[in-house]
file structure_20.cif (mmCIF, C-alpha atoms)
data_final
loop_
_atom_site.group_PDB
_atom_site.id
_atom_site.type_symbol
_atom_site.label_atom_id
_atom_site.label_comp_id
_atom_site.auth_asym_id
_atom_site.auth_seq_id
_atom_site.Cartn_x
_atom_site.Cartn_y
_atom_site.Cartn_z
ATOM 1 C CA MET V 1 -10.475 4.421 22.360
ATOM 2 C CA PRO V 2 -11.730 0.909 23.204
ATOM 3 C CA LYS V 3 -12.290 -0.126 26.774
ATOM 4 C CA GLU V 4 -9.442 -1.872 28.540
ATOM 5 C CA GLU V 5 -11.259 -5.255 28.717
ATOM 6 C CA THR V 6 -11.684 -5.397 24.919
ATOM 7 C CA GLN V 7 -8.026 -4.829 24.054
ATOM 8 C CA PHE V 8 -5.766 -7.714 23.093
ATOM 9 C CA GLU V 9 -3.172 -9.001 25.488
ATOM 10 C CA PRO V 10 0.405 -7.971 24.660
ATOM 11 C CA GLY V 11 1.913 -10.443 22.206
ATOM 12 C CA GLN V 12 -1.480 -11.907 21.241
ATOM 13 C CA SER V 13 -2.530 -11.719 17.588
ATOM 14 C CA GLY V 14 -5.815 -10.116 16.620
ATOM 15 C CA ASN V 15 -6.400 -13.082 14.292
ATOM 16 C CA PRO V 16 -4.696 -16.194 15.706
ATOM 17 C CA ALA V 17 -6.179 -18.387 12.934
ATOM 18 C CA GLY V 18 -4.857 -16.039 10.217
ATOM 19 C CA ARG V 19 -2.167 -16.625 7.604
ATOM 20 C CA PRO V 20 0.826 -18.475 9.078
ATOM 21 C CA LYS V 21 4.154 -16.685 9.248
ATOM 22 C CA GLY V 22 6.305 -17.357 6.221
ATOM 23 C CA SER V 23 3.406 -18.418 3.995
ATOM 24 C CA ARG V 24 3.586 -17.197 0.405
ATOM 25 C CA ASN V 25 1.051 -15.727 -1.980
ATOM 26 C CA ARG V 26 -0.412 -18.221 -4.496
ATOM 27 C CA SER V 27 0.281 -15.968 -7.478
ATOM 28 C CA THR V 28 3.927 -15.630 -6.425
ATOM 29 C CA LEU V 29 4.244 -19.403 -6.129
ATOM 30 C CA ALA V 30 2.620 -19.868 -9.566
ATOM 31 C CA LEU V 31 4.988 -17.378 -11.214
ATOM 32 C CA GLU V 32 7.989 -19.016 -9.579
ATOM 33 C CA ALA V 33 6.852 -22.397 -10.926
ATOM 34 C CA ILE V 34 6.484 -20.952 -14.450
ATOM 35 C CA PHE V 35 9.941 -19.347 -14.415
ATOM 36 C CA GLU V 36 11.716 -22.208 -12.657
ATOM 37 C CA GLY V 37 14.644 -23.290 -14.793
ATOM 38 C CA GLU V 38 14.335 -20.211 -17.012
ATOM 39 C CA ALA V 39 15.594 -17.578 -14.587
ATOM 40 C CA GLU V 40 19.235 -17.932 -15.626
ATOM 41 C CA ALA V 41 18.445 -17.699 -19.348
ATOM 42 C CA LEU V 42 16.165 -14.696 -18.803
ATOM 43 C CA SER V 43 18.788 -12.969 -16.672
ATOM 44 C CA ARG V 44 21.491 -13.555 -19.274
ATOM 45 C CA ARG V 45 19.215 -12.223 -22.027
ATOM 46 C CA ALA V 46 18.366 -9.091 -20.028
ATOM 47 C CA ILE V 47 22.070 -8.474 -19.401
ATOM 48 C CA GLN V 48 22.861 -9.015 -23.094
ATOM 49 C CA MET V 49 20.120 -6.562 -24.120
ATOM 50 C CA ALA V 50 21.459 -4.016 -21.606
ATOM 51 C CA LEU V 51 24.969 -4.407 -23.009
ATOM 52 C CA GLU V 52 23.558 -3.822 -26.496
ATOM 53 C CA GLY V 53 22.150 -0.486 -25.346
ATOM 54 C CA ASP V 54 18.518 -1.329 -24.549
ATOM 55 C CA GLY V 55 17.542 1.380 -22.027
ATOM 56 C CA PRO V 56 14.745 -0.450 -20.178
ATOM 57 C CA ALA V 57 16.877 -3.593 -19.922
ATOM 58 C CA MET V 58 19.714 -1.458 -18.525
ATOM 59 C CA LYS V 59 17.372 0.045 -15.947
ATOM 60 C CA LEU V 60 16.097 -3.407 -14.996
ATOM 61 C CA CYS V 61 19.626 -4.733 -14.488
ATOM 62 C CA LEU V 62 20.790 -1.704 -12.511
ATOM 63 C CA ASP V 63 17.662 -1.695 -10.349
ATOM 64 C CA ARG V 64 18.393 -5.299 -9.413
ATOM 65 C CA LEU V 65 22.073 -4.625 -8.702
ATOM 66 C CA LEU V 66 21.703 -1.380 -6.762
ATOM 67 C CA SER V 67 18.734 -0.766 -4.537
ATOM 68 C CA PRO V 68 17.318 2.754 -4.703
ATOM 69 C CA ARG V 69 18.664 5.151 -2.104
ATOM 70 C CA ARG V 70 15.988 5.934 0.432
ATOM 71 C CA HIS V 71 17.571 8.679 2.497
ATOM 72 C CA ARG V 72 20.351 10.875 1.298
ATOM 73 C CA SER V 73 22.112 13.065 3.812
ATOM 74 C CA ILE V 74 22.681 16.653 2.798
ATOM 75 C CA SER V 75 25.441 18.727 4.283
ATOM 76 C CA PHE V 76 25.766 22.481 4.055
ATOM 77 C CA ASP V 77 27.407 25.225 6.046
ATOM 78 C CA LEU V 78 25.353 27.373 8.384
ATOM 79 C CA PRO V 79 26.409 30.733 9.741
ATOM 80 C CA VAL V 80 27.332 30.956 13.410
ATOM 81 C CA ILE V 81 24.306 31.898 15.524
ATOM 82 C CA GLU V 82 25.142 33.655 18.760
ATOM 83 C CA SER V 83 21.892 35.510 19.401
ATOM 84 C CA ALA V 84 18.358 35.859 18.058
ATOM 85 C CA ALA V 85 19.514 38.839 15.997
ATOM 86 C CA ASP V 86 21.731 36.478 13.929
ATOM 87 C CA LEU V 87 18.693 34.617 12.662
ATOM 88 C CA PRO V 88 17.352 35.736 9.277
#

call {"tool": "encode", "arguments": {"input": "structure_20.cif", "output": "structure tokens"}}
result
Amino acid sequence: MPKEETQFEPGQSGNPAGRPKGSRNRSTLALEAIFEGEAEALSRRAIQMALEGDGPAMKLCLDRLLSPRRHRSISFDLPVIESAADLP
């Protein structure tokens, strides 16, 4: 564990000159520029392909509509435990 005098102050960044909050990756910006104006046509085509029975297109559309479930609760009945002898 580092010594107390070398630790950062609470609320102080370890790299204050680092990437600004809200900045975006260059490759993401480039892809957005390429697809700008085409997103609606591509979306409509993907939906049309899904409606025609294209499995991967269907998966793409459904993945965009419904986010995957992260945690699923499971419920089941447990026997009544009154003493240690009731435990299996």

call {"tool": "atom_distance", "arguments": {"input": "structure_20.cif", "atom1": "CA of Leu66 (chain V)", "atom2": "CA of Glu36 (chain V)"}}
result
23.8 Å

call {"tool": "residues_near_point", "arguments": {"input": "structure_20.cif", "point": "(20.6, -5.9, -22.7)", "cutoff": "12 Å", "atoms": "all atoms listed in the file", "output": "list in words"}}
result
Leu42, Ser43, Arg44, Arg45, Ala46, Ile47, Gln48, Met49, Ala50, Leu51, Glu52, Gly53, Asp54, Gly55, Pro56, Ala57, Met58, Lys59, Leu60, Cys61 and Leu62 of chain V

call {"tool": "atom_distance", "arguments": {"input": "structure_20.cif", "atom1": "CA of Glu40 (chain V)", "atom2": "CA of Arg64 (chain V)"}}
result
14.1 Å

call {"tool": "atom_distance", "arguments": {"input": "structure_20.cif", "atom1": "CA of Glu38 (chain V)", "atom2": "CA of Lys21 (chain V)"}}
result
28.4 Å

call {"tool": "axis_aligned_box", "arguments": {"input": "structure_20.cif", "around": "region 47-59 of chain V", "padding_each_side": "3 Å", "output": "JSON"}}
result
{"center_x": 19.9, "center_y": -3.8, "center_z": -21.2, "size_x": 16.2, "size_y": 16.4, "size_z": 16.5}

call {"tool": "decode", "arguments": {"input": "structure_20.cif", "residues": "region 32-53 of chain V", "atoms": "N, CA, C and O atoms", "output": "PDB file, in the first residue's frame"}}
result
ATOM      1  N   GLU V  32     -19.690   7.485 -37.487  1.00  0.00           N
ATOM      2  CA  GLU V  32     -20.919   8.273 -37.474  1.00  0.00           C
ATOM      3  C   GLU V  32     -20.982   9.186 -38.695  1.00  0.00           C
ATOM      4  O   GLU V  32     -22.052   9.370 -39.280  1.00  0.00           O
ATOM      5  N   ALA V  33     -19.853   9.763 -39.089  1.00  0.00           N
ATOM      6  CA  ALA V  33     -19.827  10.630 -40.266  1.00  0.00           C
ATOM      7  C   ALA V  33     -20.130   9.829 -41.536  1.00  0.00           C
ATOM      8  O   ALA V  33     -20.833  10.313 -42.431  1.00  0.00           O
ATOM      9  N   ILE V  34     -19.613   8.602 -41.622  1.00  0.00           N
ATOM     10  CA  ILE V  34     -19.858   7.762 -42.799  1.00  0.00           C
ATOM     11  C   ILE V  34     -21.340   7.405 -42.908  1.00  0.00           C
ATOM     12  O   ILE V  34     -21.935   7.444 -43.993  1.00  0.00           O
ATOM     13  N   PHE V  35     -21.956   7.042 -41.776  1.00  0.00           N
ATOM     14  CA  PHE V  35     -23.339   6.583 -41.786  1.00  0.00           C
ATOM     15  C   PHE V  35     -24.364   7.702 -41.677  1.00  0.00           C
ATOM     16  O   PHE V  35     -25.562   7.449 -41.753  1.00  0.00           O
ATOM     17  N   GLU V  36     -23.910   8.929 -41.491  1.00  0.00           N
ATOM     18  CA  GLU V  36     -24.844  10.043 -41.348  1.00  0.00           C
ATOM     19  C   GLU V  36     -25.731  10.135 -42.592  1.00  0.00           C
ATOM     20  O   GLU V  36     -25.260  10.108 -43.722  1.00  0.00           O
ATOM     21  N   GLY V  37     -26.997  10.200 -42.395  1.00  0.00           N
ATOM     22  CA  GLY V  37     -27.941  10.281 -43.506  1.00  0.00           C
ATOM     23  C   GLY V  37     -28.354   8.924 -44.027  1.00  0.00           C
ATOM     24  O   GLY V  37     -29.323   8.819 -44.775  1.00  0.00           O
ATOM     25  N   GLU V  38     -27.628   7.867 -43.676  1.00  0.00           N
ATOM     26  CA  GLU V  38     -27.946   6.527 -44.146  1.00  0.00           C
ATOM     27  C   GLU V  38     -28.564   5.659 -43.062  1.00  0.00           C
ATOM     28  O   GLU V  38     -29.022   4.558 -43.341  1.00  0.00           O
ATOM     29  N   ALA V  39     -28.565   6.124 -41.839  1.00  0.00           N
ATOM     30  CA  ALA V  39     -29.028   5.322 -40.715  1.00  0.00           C
ATOM     31  C   ALA V  39     -30.478   4.889 -40.899  1.00  0.00           C
ATOM     32  O   ALA V  39     -30.819   3.730 -40.648  1.00  0.00           O
ATOM     33  N   GLU V  40     -31.335   5.788 -41.352  1.00  0.00           N
ATOM     34  CA  GLU V  40     -32.744   5.439 -41.516  1.00  0.00           C
ATOM     35  C   GLU V  40     -32.915   4.370 -42.590  1.00  0.00           C
ATOM     36  O   GLU V  40     -33.635   3.384 -42.393  1.00  0.00           O
ATOM     37  N   ALA V  41     -32.231   4.519 -43.719  1.00  0.00           N
ATOM     38  CA  ALA V  41     -32.342   3.541 -44.797  1.00  0.00           C
ATOM     39  C   ALA V  41     -31.797   2.184 -44.356  1.00  0.00           C
ATOM     40  O   ALA V  41     -32.395   1.135 -44.650  1.00  0.00           O
ATOM     41  N   LEU V  42     -30.674   2.185 -43.640  1.00  0.00           N
ATOM     42  CA  LEU V  42     -30.105   0.930 -43.156  1.00  0.00           C
ATOM     43  C   LEU V  42     -31.029   0.261 -42.141  1.00  0.00           C
ATOM     44  O   LEU V  42     -31.214  -0.964 -42.171  1.00  0.00           O
ATOM     45  N   SER V  43     -31.621   1.056 -41.271  1.00  0.00           N
ATOM     46  CA  SER V  43     -32.548   0.503 -40.282  1.00  0.00           C
ATOM     47  C   SER V  43     -33.757  -0.108 -40.962  1.00  0.00           C
ATOM     48  O   SER V  43     -34.187  -1.219 -40.626  1.00  0.00           O
ATOM     49  N   ARG V  44     -34.312   0.601 -41.934  1.00  0.00           N
ATOM     50  CA  ARG V  44     -35.483   0.077 -42.654  1.00  0.00           C
ATOM     51  C   ARG V  44     -35.143  -1.220 -43.388  1.00  0.00           C
ATOM     52  O   ARG V  44     -35.924  -2.154 -43.408  1.00  0.00           O
ATOM     53  N   ARG V  45     -33.949  -1.283 -43.977  1.00  0.00           N
ATOM     54  CA  ARG V  45     -33.536  -2.486 -44.699  1.00  0.00           C
ATOM     55  C   ARG V  45     -33.358  -3.668 -43.738  1.00  0.00           C
ATOM     56  O   ARG V  45     -33.765  -4.785 -44.035  1.00  0.00           O
ATOM     57  N   ALA V  46     -32.758  -3.412 -42.585  1.00  0.00           N
ATOM     58  CA  ALA V  46     -32.578  -4.473 -41.591  1.00  0.00           C
ATOM     59  C   ALA V  46     -33.932  -4.989 -41.116  1.00  0.00           C
ATOM     60  O   ALA V  46     -34.135  -6.199 -40.984  1.00  0.00           O
ATOM     61  N   ILE V  47     -34.874  -4.081 -40.891  1.00  0.00           N
ATOM     62  CA  ILE V  47     -36.216  -4.490 -40.469  1.00  0.00           C
ATOM     63  C   ILE V  47     -36.895  -5.292 -41.569  1.00  0.00           C
ATOM     64  O   ILE V  47     -37.522  -6.324 -41.308  1.00  0.00           O
ATOM     65  N   GLN V  48     -36.760  -4.851 -42.816  1.00  0.00           N
ATOM     66  CA  GLN V  48     -37.361  -5.570 -43.943  1.00  0.00           C
ATOM     67  C   GLN V  48     -36.779  -6.978 -44.056  1.00  0.00           C
ATOM     68  O   GLN V  48     -37.509  -7.946 -44.252  1.00  0.00           O
ATOM     69  N   MET V  49     -35.450  -7.094 -43.918  1.00  0.00           N
ATOM     70  CA  MET V  49     -34.809  -8.411 -43.985  1.00  0.00           C
ATOM     71  C   MET V  49     -35.295  -9.306 -42.839  1.00  0.00           C
ATOM     72  O   MET V  49     -35.532 -10.502 -43.039  1.00  0.00           O
ATOM     73  N   ALA V  50     -35.462  -8.719 -41.651  1.00  0.00           N
ATOM     74  CA  ALA V  50     -35.959  -9.494 -40.507  1.00  0.00           C
ATOM     75  C   ALA V  50     -37.374  -9.981 -40.774  1.00  0.00           C
ATOM     76  O   ALA V  50     -37.709 -11.138 -40.493  1.00  0.00           O
ATOM     77  N   LEU V  51     -38.206  -9.122 -41.350  1.00  0.00           N
ATOM     78  CA  LEU V  51     -39.581  -9.512 -41.659  1.00  0.00           C
ATOM     79  C   LEU V  51     -39.640 -10.591 -42.740  1.00  0.00           C
ATOM     80  O   LEU V  51     -40.575 -11.388 -42.778  1.00  0.00           O
ATOM     81  N   GLU V  52     -38.614 -10.640 -43.588  1.00  0.00           N
ATOM     82  CA  GLU V  52     -38.547 -11.666 -44.622  1.00  0.00           C
ATOM     83  C   GLU V  52     -37.983 -12.979 -44.090  1.00  0.00           C
ATOM     84  O   GLU V  52     -37.881 -13.948 -44.830  1.00  0.00           O
ATOM     85  N   GLY V  53     -37.591 -13.014 -42.840  1.00  0.00           N
ATOM     86  CA  GLY V  53     -37.127 -14.249 -42.226  1.00  0.00           C
ATOM     87  C   GLY V  53     -35.633 -14.388 -42.077  1.00  0.00           C
ATOM     88  O   GLY V  53     -35.149 -15.447 -41.709  1.00  0.00           O
TER      89      GLY V  53
END
